[in-house]
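Undergrad: One structure follows; several queries about it will come next.
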Amino acid sequence: MHFINNTKIDFLKHRKIAYVISLCLVLAGLVSLFVRGLNYGIDFKGGTEVVLRFEHDVPVGDVRAVLKEAGVEGAIKSYGADRSILIQTGFDGELNQLKALVSNALDDRLPDNPHEVLRIDSVGPSIASDLKWAALKALLGAVIAILLYVGIRFEFRFAAASVVAIFHDVFIVLGIFSIFGGLFDFMPLDINQSIIAAFLTIAGYSINDTVVVYDRIRENIRSGKPADYMTIFNNSLNQTLSRTIITSGTTLLVVLVLFVFAGPAIRGFTFAILLGILIGTYSSLFIAAPIVLDWQLKSKRPIKLRGG
């Protein structure tokens, strides 16, 4: 199925501009990571998380004041659009004790607005530290596996470029989470296990799109003039453009529906996937293949691709 045919877009003509844009986005994210850091969920920082739902609308400030007076300190914010409130606290007592403390304080100070406890979770500091390391190892393991796979199937420079594109995609998304984390009550952008799953999904989506482009480059190198790499790479990008638009567009549509209608529990995850699809599609066209081309032009060593 072809959505558009016979495009003649010169993707490589302005690749240096794309490099500058990407570098600015990555640097902005890195600066924010050093200055603002990340908003970690209880998965990675430990503590207790409570989700309440009130019968009527209630100002977050009123709930925060009531709980502070009762001795419950931490982040208290809106959670979705259904009169829910999220409480993240370092309270180190028993869960039942915290539940009773919260419920009694709210019942006493807000008697005309009944509430229910939807969820209460707790993660200890040692478990949170273990989860951080497990998440980091999962990401590094995925990158190493991709490097080996692409290196065996194509060439080392293709593998290196694909890993650069993956780090590009993940760091930009991570930077956006750092820059905007905690600014929106309806979407706190906390880093938790579901976001790590989103990063792994982004890496898989990015490499899938990149490998499709690489396959077309290999076919065109074998059937064209080996010295004319600029034309071969541009033709390959144009020939896979229809597939890229269809795949990315349909996936974006599904994820957008989830983002809008699936509720606050997975909103951060779906937002990360939305960003990842957009950035991953961009990097397949303007980062991965162009890096391979510039590497070849600088080394002047012919590309010798393996397999089929």
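If you're wondering about the labels, chains in the structure tokens are A, B, ... by order shown, residues count from 1 in each chain, ligands from 1 in order shown.
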Find the spatial neighbours of A:Val164, counting only C-alpha atoms, within a cut-off of 10 Å - ignore same-chain residues fewer than 5 positions away - and output them as JSON, numbers by chain.
TA: {"A": [143, 158, 159, 169, 283, 287, 288, 291]}
Undergrad: Please identify all polymer residues within 7 Å of stretch 263-273 of chain A, counting only C-alpha atoms, omitting same-chain residues fewer than 2 positions from it, and present them as an MDAnalysis selection string.
TA: chainID A and resid 79:80 173 187 189 194:195 198 202 255 258:259 261 275:277
Undergrad: Just the selected residues (C-alpha atoms), exported as an mmCIF file, in the first residue's frame, please.
TA:
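This went into again.cif:
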data_model
loop_
_atom_site.group_PDB
_atom_site.id
_atom_site.type_symbol
_atom_site.label_atom_id
_atom_site.label_comp_id
_atom_site.auth_asym_id
_atom_site.auth_seq_id
_atom_site.Cartn_x
_atom_site.Cartn_y
_atom_site.Cartn_z
ATOM 1 C CA TYR A 79 -5.231 13.214 39.255
ATOM 2 C CA GLY A 80 -7.301 13.242 36.102
ATOM 3 C CA VAL A 173 11.820 12.570 25.441
ATOM 4 C CA MET A 187 -0.149 14.907 33.580
ATOM 5 C CA LEU A 189 5.223 13.304 33.921
ATOM 6 C CA SER A 194 5.756 2.459 32.885
ATOM 7 C CA ILE A 195 7.907 5.275 31.491
ATOM 8 C CA ALA A 198 7.825 3.516 27.096
ATOM 9 C CA ILE A 202 10.536 3.978 21.674
ATOM 10 C CA VAL A 255 -1.841 6.214 20.962
ATOM 11 C CA LEU A 258 -5.377 6.229 24.504
ATOM 12 C CA PHE A 259 -3.853 9.513 25.636
ATOM 13 C CA PHE A 261 -9.585 8.669 26.726
ATOM 14 C CA LEU A 275 6.729 11.916 21.537
ATOM 15 C CA GLY A 276 8.804 8.838 20.766
ATOM 16 C CA ILE A 277 6.941 8.046 17.553
#
Undergrad: Name the residues in contact with A:Leu52 at a cut-off of 12 Å, using only C-alpha atoms, excluding same-chain residues fewer than 3 positions from it; report them as a VMD selection string.
TA: chain A and resid 49 55 to 58 60 63 76 to 80 82 to 88 99 102 to 103 106 113 to 120
Undergrad: Can you tell me which residues surround A:Glu73 at a distance of at most 9 Å, considering only C-alpha atoms, apart from same-chain residues fewer than 6 positions away, and format the answer as a CSV table (one decimal) with N, CA and C atoms, in the first residue's frame?
TA:
chain,number,residue,atom,x,y,z
A,64,ARG,N,-4.7,19.8,50.5
A,64,ARG,CA,-3.3,20.0,50.9
A,64,ARG,C,-3.2,20.6,52.3
A,67,LEU,N,-4.4,17.9,55.0
A,67,LEU,CA,-3.5,16.8,55.2
A,67,LEU,C,-2.2,17.3,55.9
A,87,ILE,N,-1.8,11.7,46.2
A,87,ILE,CA,-1.0,12.0,47.3
A,87,ILE,C,0.3,11.2,47.3
A,88,GLN,N,1.5,11.8,47.2
A,88,GLN,CA,2.7,11.1,47.2
A,88,GLN,C,3.5,11.6,48.5
A,89,THR,N,3.8,10.7,49.4
A,89,THR,CA,4.3,11.1,50.7
A,89,THR,C,5.4,10.1,51.1
A,90,GLY,N,6.3,10.6,51.9
A,90,GLY,CA,7.4,9.8,52.5
A,90,GLY,C,7.0,9.2,53.8
A,91,PHE,N,5.7,9.2,54.1
A,91,PHE,CA,5.2,8.6,55.4
A,91,PHE,C,5.7,7.2,55.5
Undergrad: List the neighbours of A:Leu139 out to 8 Å using only C-alpha atoms; skip same-chain residues closer than 6 positions along the sequence, and give me the result as a list in words.
TA: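 Result of the neighbour search: Ile196, Phe199 and Leu200 of chain A.
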Undergrad: Which residue gives the smallest distance to A:Tyr229 among A:Phe54, A:Leu12, A:Asn104, A:Val150, with only C-alpha atoms counted?
TA: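 Ranking A:Phe54, A:Leu12, A:Asn104, A:Val150 by distance to A:Tyr229, first place goes to A:Leu12.
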Undergrad: Give the answer as one residue: which of A:Asp43, A:Glu69, A:Asp228, A:Asp209 has the shortest atom-to-atom distance to A:Ala135, using only C-alpha atoms?
TA: A:Asp43
Undergrad: Can you list every residue in stretch 58-246 of chain A that DSSP puts in strand (DSSP E), as an MDAnalysis selection string?
TA: chainID A and resid 74:78 84:89 115:123
Undergrad: Write a file of the selected residues as a PDB file, in the first residue's frame, keeping N, CA and C atoms.
TA:
ATOM      1  N   GLY A  74       4.018  16.028  51.587  1.00  0.00           N
ATOM      2  CA  GLY A  74       4.379  15.451  50.296  1.00  0.00           C
ATOM      3  C   GLY A  74       3.688  16.169  49.154  1.00  0.00           C
ATOM      4  N   ALA A  75       3.774  15.585  47.974  1.00  0.00           N
ATOM      5  CA  ALA A  75       3.132  16.160  46.784  1.00  0.00           C
ATOM      6  C   ALA A  75       1.675  15.755  46.757  1.00  0.00           C
ATOM      7  N   ILE A  76       0.800  16.752  46.643  1.00  0.00           N
ATOM      8  CA  ILE A  76      -0.641  16.513  46.584  1.00  0.00           C
ATOM      9  C   ILE A  76      -1.176  17.287  45.389  1.00  0.00           C
ATOM     10  N   LYS A  77      -1.760  16.585  44.429  1.00  0.00           N
ATOM     11  CA  LYS A  77      -2.179  17.233  43.187  1.00  0.00           C
ATOM     12  C   LYS A  77      -3.381  16.527  42.590  1.00  0.00           C
ATOM     13  N   SER A  78      -4.020  17.210  41.629  1.00  0.00           N
ATOM     14  CA  SER A  78      -5.149  16.609  40.919  1.00  0.00           C
ATOM     15  C   SER A  78      -4.669  15.404  40.134  1.00  0.00           C
ATOM     16  N   SER A  84     -10.418  13.277  41.319  1.00  0.00           N
ATOM     17  CA  SER A  84      -9.444  12.449  42.025  1.00  0.00           C
ATOM     18  C   SER A  84      -8.251  13.291  42.457  1.00  0.00           C
ATOM     19  N   ILE A  85      -7.645  12.892  43.556  1.00  0.00           N
ATOM     20  CA  ILE A  85      -6.477  13.557  44.116  1.00  0.00           C
ATOM     21  C   ILE A  85      -5.381  12.514  44.331  1.00  0.00           C
ATOM     22  N   LEU A  86      -4.154  12.860  43.933  1.00  0.00           N
ATOM     23  CA  LEU A  86      -3.008  11.978  44.124  1.00  0.00           C
ATOM     24  C   LEU A  86      -2.146  12.524  45.259  1.00  0.00           C
ATOM     25  N   ILE A  87      -1.828  11.657  46.209  1.00  0.00           N
ATOM     26  CA  ILE A  87      -0.967  12.015  47.338  1.00  0.00           C
ATOM     27  C   ILE A  87       0.295  11.171  47.256  1.00  0.00           C
ATOM     28  N   GLN A  88       1.456  11.828  47.197  1.00  0.00           N
ATOM     29  CA  GLN A  88       2.744  11.134  47.243  1.00  0.00           C
ATOM     30  C   GLN A  88       3.484  11.615  48.475  1.00  0.00           C
ATOM     31  N   THR A  89       3.756  10.713  49.378  1.00  0.00           N
ATOM     32  CA  THR A  89       4.320  11.101  50.664  1.00  0.00           C
ATOM     33  C   THR A  89       5.414  10.132  51.090  1.00  0.00           C
ATOM     34  N   HIS A 115     -15.353  10.934  50.422  1.00  0.00           N
ATOM     35  CA  HIS A 115     -14.298  10.464  49.528  1.00  0.00           C
ATOM     36  C   HIS A 115     -14.125   8.950  49.681  1.00  0.00           C
ATOM     37  N   GLU A 116     -13.447   8.380  48.734  1.00  0.00           N
ATOM     38  CA  GLU A 116     -13.069   6.966  48.829  1.00  0.00           C
ATOM     39  C   GLU A 116     -11.605   6.819  48.423  1.00  0.00           C
ATOM     40  N   VAL A 117     -10.938   5.843  49.012  1.00  0.00           N
ATOM     41  CA  VAL A 117      -9.552   5.563  48.678  1.00  0.00           C
ATOM     42  C   VAL A 117      -9.546   4.556  47.529  1.00  0.00           C
ATOM     43  N   LEU A 118      -9.106   5.005  46.356  1.00  0.00           N
ATOM     44  CA  LEU A 118      -9.078   4.136  45.186  1.00  0.00           C
ATOM     45  C   LEU A 118      -7.875   3.200  45.190  1.00  0.00           C
ATOM     46  N   ARG A 119      -6.747   3.726  45.652  1.00  0.00           N
ATOM     47  CA  ARG A 119      -5.516   2.928  45.588  1.00  0.00           C
ATOM     48  C   ARG A 119      -4.520   3.457  46.599  1.00  0.00           C
ATOM     49  N   ILE A 120      -3.756   2.536  47.177  1.00  0.00           N
ATOM     50  CA  ILE A 120      -2.677   2.925  48.074  1.00  0.00           C
ATOM     51  C   ILE A 120      -1.521   1.950  47.868  1.00  0.00           C
ATOM     52  N   ASP A 121      -0.360   2.490  47.506  1.00  0.00           N
ATOM     53  CA  ASP A 121       0.823   1.681  47.220  1.00  0.00           C
ATOM     54  C   ASP A 121       2.003   2.221  48.001  1.00  0.00           C
ATOM     55  N   SER A 122       2.919   1.317  48.329  1.00  0.00           N
ATOM     56  CA  SER A 122       4.104   1.725  49.065  1.00  0.00           C
ATOM     57  C   SER A 122       5.320   0.978  48.529  1.00  0.00           C
ATOM     58  N   VAL A 123       6.437   1.693  48.401  1.00  0.00           N
ATOM     59  CA  VAL A 123       7.697   1.095  47.943  1.00  0.00           C
ATOM     60  C   VAL A 123       8.794   1.556  48.885  1.00  0.00           C
TER      61      VAL A 123
END
Undergrad: Using only C-alpha atoms, which protein or nucleic acid residues come within 7 Å of stretch 232-248 of chain A? Drop anything in the same chain fewer than 2 positions from it, and give the result as a PyMOL selection string.
TA: chain A and resi 2-4+7-12+213+216-217+220-221+228-230+250-252+277+285
Undergrad: Would you put the residues from that selection into a file with N, CA and C atoms, as a PDB file, in the first residue's frame?
TA:
ATOM      1  N   HIS A   2       0.620   2.192  -0.904  1.00  0.00           N
ATOM      2  CA  HIS A   2       1.406   3.417  -0.992  1.00  0.00           C
ATOM      3  C   HIS A   2       0.502   4.625  -0.824  1.00  0.00           C
ATOM      4  N   PHE A   3       0.835   5.441   0.148  1.00  0.00           N
ATOM      5  CA  PHE A   3       0.065   6.649   0.414  1.00  0.00           C
ATOM      6  C   PHE A   3       0.509   7.767  -0.519  1.00  0.00           C
ATOM      7  N   ILE A   4       1.824   7.871  -0.730  1.00  0.00           N
ATOM      8  CA  ILE A   4       2.374   8.836  -1.673  1.00  0.00           C
ATOM      9  C   ILE A   4       3.434   8.122  -2.500  1.00  0.00           C
ATOM     10  N   THR A   7       8.104  10.542  -4.641  1.00  0.00           N
ATOM     11  CA  THR A   7       8.547  11.796  -4.043  1.00  0.00           C
ATOM     12  C   THR A   7      10.020  12.041  -4.382  1.00  0.00           C
ATOM     13  N   LYS A   8      10.384  13.297  -4.447  1.00  0.00           N
ATOM     14  CA  LYS A   8      11.759  13.683  -4.783  1.00  0.00           C
ATOM     15  C   LYS A   8      12.305  14.652  -3.727  1.00  0.00           C
ATOM     16  N   ILE A   9      12.007  14.371  -2.479  1.00  0.00           N
ATOM     17  CA  ILE A   9      12.446  15.248  -1.393  1.00  0.00           C
ATOM     18  C   ILE A   9      13.938  15.050  -1.141  1.00  0.00           C
ATOM     19  N   ASP A  10      14.661  16.151  -1.064  1.00  0.00           N
ATOM     20  CA  ASP A  10      16.105  16.071  -0.798  1.00  0.00           C
ATOM     21  C   ASP A  10      16.321  16.114   0.720  1.00  0.00           C
ATOM     22  N   PHE A  11      16.177  14.948   1.352  1.00  0.00           N
ATOM     23  CA  PHE A  11      16.309  14.872   2.804  1.00  0.00           C
ATOM     24  C   PHE A  11      17.720  15.229   3.276  1.00  0.00           C
ATOM     25  N   LEU A  12      18.699  14.925   2.471  1.00  0.00           N
ATOM     26  CA  LEU A  12      20.091  15.063   2.904  1.00  0.00           C
ATOM     27  C   LEU A  12      20.659  16.456   2.689  1.00  0.00           C
ATOM     28  N   VAL A 213      14.674   1.527   6.461  1.00  0.00           N
ATOM     29  CA  VAL A 213      15.444   2.430   5.605  1.00  0.00           C
ATOM     30  C   VAL A 213      16.775   1.791   5.219  1.00  0.00           C
ATOM     31  N   ARG A 216      16.400  -0.747   2.438  1.00  0.00           N
ATOM     32  CA  ARG A 216      16.245  -0.152   1.122  1.00  0.00           C
ATOM     33  C   ARG A 216      17.576   0.424   0.620  1.00  0.00           C
ATOM     34  N   ILE A 217      18.363   0.983   1.514  1.00  0.00           N
ATOM     35  CA  ILE A 217      19.689   1.473   1.126  1.00  0.00           C
ATOM     36  C   ILE A 217      20.542   0.321   0.605  1.00  0.00           C
ATOM     37  N   ASN A 220      19.429  -0.679  -2.869  1.00  0.00           N
ATOM     38  CA  ASN A 220      19.794   0.312  -3.876  1.00  0.00           C
ATOM     39  C   ASN A 220      21.303   0.371  -4.117  1.00  0.00           C
ATOM     40  N   ILE A 221      22.095   0.106  -3.081  1.00  0.00           N
ATOM     41  CA  ILE A 221      23.540   0.057  -3.277  1.00  0.00           C
ATOM     42  C   ILE A 221      23.914  -1.095  -4.198  1.00  0.00           C
ATOM     43  N   ASP A 228      27.794   6.808  -5.990  1.00  0.00           N
ATOM     44  CA  ASP A 228      26.780   7.857  -5.893  1.00  0.00           C
ATOM     45  C   ASP A 228      25.924   7.650  -4.644  1.00  0.00           C
ATOM     46  N   TYR A 229      26.564   7.725  -3.484  1.00  0.00           N
ATOM     47  CA  TYR A 229      25.857   7.417  -2.242  1.00  0.00           C
ATOM     48  C   TYR A 229      24.799   8.468  -1.902  1.00  0.00           C
ATOM     49  N   MET A 230      25.047   9.723  -2.198  1.00  0.00           N
ATOM     50  CA  MET A 230      24.072  10.770  -1.888  1.00  0.00           C
ATOM     51  C   MET A 230      22.738  10.476  -2.567  1.00  0.00           C
ATOM     52  N   THR A 250      -0.806   5.705  11.652  1.00  0.00           N
ATOM     53  CA  THR A 250      -1.790   4.811  12.274  1.00  0.00           C
ATOM     54  C   THR A 250      -1.444   4.552  13.738  1.00  0.00           C
ATOM     55  N   THR A 251      -0.144   4.404  14.040  1.00  0.00           N
ATOM     56  CA  THR A 251       0.258   4.193  15.434  1.00  0.00           C
ATOM     57  C   THR A 251      -0.033   5.430  16.271  1.00  0.00           C
ATOM     58  N   LEU A 252       0.263   6.596  15.713  1.00  0.00           N
ATOM     59  CA  LEU A 252      -0.028   7.843  16.426  1.00  0.00           C
ATOM     60  C   LEU A 252      -1.511   7.988  16.741  1.00  0.00           C
ATOM     61  N   ILE A 277       7.283   8.347  18.950  1.00  0.00           N
ATOM     62  CA  ILE A 277       6.941   8.046  17.553  1.00  0.00           C
ATOM     63  C   ILE A 277       7.317   9.218  16.648  1.00  0.00           C
ATOM     64  N   LEU A 285      14.746   9.580   9.395  1.00  0.00           N
ATOM     65  CA  LEU A 285      14.913  10.324   8.149  1.00  0.00           C
ATOM     66  C   LEU A 285      16.103  11.278   8.187  1.00  0.00           C
TER      67      LEU A 285
END
Undergrad: Extract, using only C-alpha atoms, all DNA, RNA and protein residues at most 10 Å from A:Leu27, discarding same-chain residues fewer than 4 positions from it, and format them as a list of chain:residue names.
TA: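 Residues meeting the cut-off are A:Ile21, A:Ser22, A:Leu23, A:Val31, A:Ser32, A:Leu33, A:Phe171, A:Ile172, A:Gly175.
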Undergrad: What does the file look like for those residues with C-alpha atoms, as a PDB file, in the first residue's frame?
TA:
ATOM      1  CA  ILE A  21      18.111  21.224  15.817  1.00  0.00           C
ATOM      2  CA  SER A  22      18.632  17.819  17.402  1.00  0.00           C
ATOM      3  CA  LEU A  23      21.722  18.999  19.275  1.00  0.00           C
ATOM      4  CA  VAL A  31      20.578  21.324  31.043  1.00  0.00           C
ATOM      5  CA  SER A  32      17.122  20.733  32.500  1.00  0.00           C
ATOM      6  CA  LEU A  33      18.222  17.354  33.874  1.00  0.00           C
ATOM      7  CA  PHE A 171      17.214  11.791  25.571  1.00  0.00           C
ATOM      8  CA  ILE A 172      14.864  14.251  23.879  1.00  0.00           C
ATOM      9  CA  GLY A 175      14.504  16.082  28.492  1.00  0.00           C
TER      10      GLY A 175
END
Undergrad: Report, in Å to a single decimal, how far apart atom CA of A:Ala138 and atom CA of A:Val211 are.
TA: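 These atoms are spaced 21.2 Å apart.
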Undergrad: Which residue gives the smallest distance to A:Leu140 among A:Val292, A:Ala65, A:Val254, A:Val163, with only C-alpha atoms counted?
TA: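 Looking at the shortest contact to A:Leu140, the residue is A:Val163.
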Undergrad: Using only C-alpha atoms, find the one residue out of A:Ala28, A:Ala18, A:Ile42, A:Val51 that sits nearest to A:Ser178.
TA: A:Ala28
